[in-house]
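Accompanying notes for the structure given below.
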Amino acid sequence: KELSWNLSLAPDVVGLCDPDKLERVFDNLLRNAVNYSYKGTSISIVAREVGDWIEIEFSNTGDTIPEENLKTIFEKFYRMDSARSSETGGAGLGLAIAKQIVEAHEGRITAMSQDGETKFIVVLPQEEKEARKKKEKELQKKIRDAIKKEKIHVQQ
């Protein structure tokens with residue numbers, strides 16, 4: 001298909017997740033982008049922090065998905081075009097499974113399509129930062145408790 005791709009990853013984007021499960025989500029989104037892209041176009045994957053969330057966006061250029069189809073695209077056995085199942089080998093389960101996995105991670109997945117550009121956006125919580133902050137507070141408390149116990153004078 002002569003596709004190219006662009007990858008943009010924000011530095012230090014870290015999330016707490018099941019990597020095998022999310023690999024399945026990302027593999028499905030990437031395969032769909034490849035299968036439904038026009039020849040000679042590019043696929044873009046962007047990962048960035050948005051507040052306390054990680055946003056991973058897959059976009060490609062191909063046929064626009066009609067608005068009414070976007071409402072049901074994450075349902076089991078959904079196929080926009082039944083002729084595509086023989087071309088791509090899909091049974092219409094990939095996006096439904098992807099949605100279940102993302103939601104199990106307390107995230108969300110959305111799709112939008114306009115003027116030939118289709119985007120799938122996965123949003124996941126950045127639990128790692130919160131977990132790190134909690135551990136830091138616990139460590140600080142342990143240090144303060146040890147200082148009090150040993151009656152150590154700390155000059156500030």
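In the structure tokens, each chain is lettered A, B, ... as it comes, each chain's residues begin at 1, and ligands are numbered from 1 in order of appearance.
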
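The list of residues with at least one atom within 12 Å of Asn6 (chain A), based on only C-alpha atoms and without residues fewer than 6 positions apart in the same chain, reads A:Thr41, A:Ser42, A:Ile43, A:Ser44, A:Ile45, A:Val46, A:Ala47, A:Glu57, A:Phe58, A:Ser59, A:Asn60.
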
Contacts of Val13 (chain A) within 10 Å, only C-alpha atoms, excl. fewer than 2 positions in-chain, as a ChimeraX atom specification: /A:9-11,15,47-49,53-55,126,128-129

Could you please write out, as a PyMOL selection string, every residue of region 13-132 of chain A that DSSP assigns to strand (DSSP E or B)? chain A and resi 37+42-50+53-62+108-114+117-125

Between CA of Phe120 (chain A) and CA of Asp27 (chain A) lies a distance of 12.4 Å

Would you list, as a PyMOL selection string, the residues of region 22-148 of chain A that end up in alpha helix (DSSP H) under DSSP run on this structure's backbone? chain A and resi 22-36+67-70+84-88+94-104+127-148

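The spacing separating CA of Cys17 (chain A) from CA of His105 (chain A) amounts to 6.8 Å.
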
List as a ChimeraX atom specification the protein and nucleic acid residues near Leu29 (chain A), meaning an atom at most 12 Å away when only C-alpha atoms are counted, but skip any in the same chain fewer than 5 places from it. /A:22-24,34-37,43-45,56-60,74,94-99,109-111,118-122

Quick one: write out the picked residues with N, CA and C atoms as a compact mmCIF listing (two decimals), in the first residue's frame?
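In the end it all went to selection.txt:
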# COMPACT_ATOMS: atom_id res chain seq x y z
N LEU A 22 -3.04 -4.02 26.49
CA LEU A 22 -2.99 -2.79 25.70
C LEU A 22 -2.30 -3.01 24.37
N GLU A 23 -1.36 -3.94 24.31
CA GLU A 23 -0.74 -4.28 23.03
C GLU A 23 -1.81 -4.78 22.06
N ARG A 24 -2.74 -5.55 22.58
CA ARG A 24 -3.84 -6.06 21.74
C ARG A 24 -4.70 -4.91 21.20
N VAL A 34 -4.04 0.44 8.86
CA VAL A 34 -3.36 -0.08 7.66
C VAL A 34 -4.40 -0.59 6.65
N ASN A 35 -5.36 -1.38 7.12
CA ASN A 35 -6.35 -1.98 6.23
C ASN A 35 -7.23 -0.96 5.53
N TYR A 36 -7.53 0.14 6.20
CA TYR A 36 -8.51 1.08 5.66
C TYR A 36 -7.90 2.39 5.18
N SER A 37 -6.57 2.46 5.12
CA SER A 37 -5.91 3.66 4.59
C SER A 37 -5.86 3.61 3.07
N ILE A 43 0.01 7.01 8.27
CA ILE A 43 -0.66 6.69 9.53
C ILE A 43 0.11 7.43 10.62
N SER A 44 -0.62 8.03 11.52
CA SER A 44 0.01 8.80 12.59
C SER A 44 -0.39 8.22 13.94
N ILE A 45 0.59 8.09 14.82
CA ILE A 45 0.35 7.66 16.20
C ILE A 45 0.98 8.71 17.10
N ILE A 56 -3.61 8.50 23.51
CA ILE A 56 -2.92 7.88 22.37
C ILE A 56 -3.89 7.94 21.19
N GLU A 57 -3.43 8.61 20.14
CA GLU A 57 -4.29 8.85 18.98
C GLU A 57 -3.72 8.15 17.75
N PHE A 58 -4.55 7.36 17.10
CA PHE A 58 -4.21 6.70 15.84
C PHE A 58 -5.03 7.39 14.76
N SER A 59 -4.38 7.89 13.72
CA SER A 59 -5.14 8.52 12.64
C SER A 59 -4.64 8.04 11.28
N ASN A 60 -5.57 7.97 10.35
CA ASN A 60 -5.24 7.55 8.99
C ASN A 60 -6.17 8.24 8.01
N PHE A 74 -18.11 0.24 18.07
CA PHE A 74 -17.48 -0.55 19.13
C PHE A 74 -18.35 -1.72 19.59
N GLY A 94 -12.76 -6.91 16.97
CA GLY A 94 -11.57 -6.19 17.41
C GLY A 94 -11.85 -4.92 18.20
N LEU A 95 -12.71 -4.05 17.69
CA LEU A 95 -12.98 -2.79 18.38
C LEU A 95 -13.81 -3.00 19.65
N ALA A 96 -14.68 -4.00 19.65
CA ALA A 96 -15.46 -4.31 20.86
C ALA A 96 -14.52 -4.79 21.96
N ILE A 97 -13.57 -5.65 21.61
CA ILE A 97 -12.59 -6.13 22.58
C ILE A 97 -11.70 -4.99 23.04
N ALA A 98 -11.27 -4.15 22.10
CA ALA A 98 -10.44 -2.99 22.45
C ALA A 98 -11.15 -2.11 23.47
N LYS A 99 -12.43 -1.87 23.24
CA LYS A 99 -13.20 -1.03 24.17
C LYS A 99 -13.26 -1.66 25.56
N ILE A 109 -12.32 4.96 24.90
CA ILE A 109 -11.87 4.95 23.50
C ILE A 109 -12.97 5.59 22.67
N THR A 110 -12.59 6.47 21.79
CA THR A 110 -13.55 7.14 20.92
C THR A 110 -13.06 7.09 19.49
N ALA A 111 -13.99 7.31 18.57
CA ALA A 111 -13.65 7.36 17.15
C ALA A 111 -14.30 8.59 16.55
N THR A 118 -9.69 9.55 9.72
CA THR A 118 -10.31 8.81 10.82
C THR A 118 -9.33 8.77 11.98
N LYS A 119 -9.85 9.03 13.18
CA LYS A 119 -9.02 9.02 14.39
C LYS A 119 -9.68 8.11 15.42
N PHE A 120 -8.86 7.29 16.04
CA PHE A 120 -9.26 6.53 17.22
C PHE A 120 -8.40 7.05 18.35
N ILE A 121 -9.04 7.44 19.44
CA ILE A 121 -8.33 8.06 20.56
C ILE A 121 -8.58 7.22 21.81
N VAL A 122 -7.47 6.75 22.38
CA VAL A 122 -7.51 5.99 23.63
C VAL A 122 -7.03 6.92 24.73
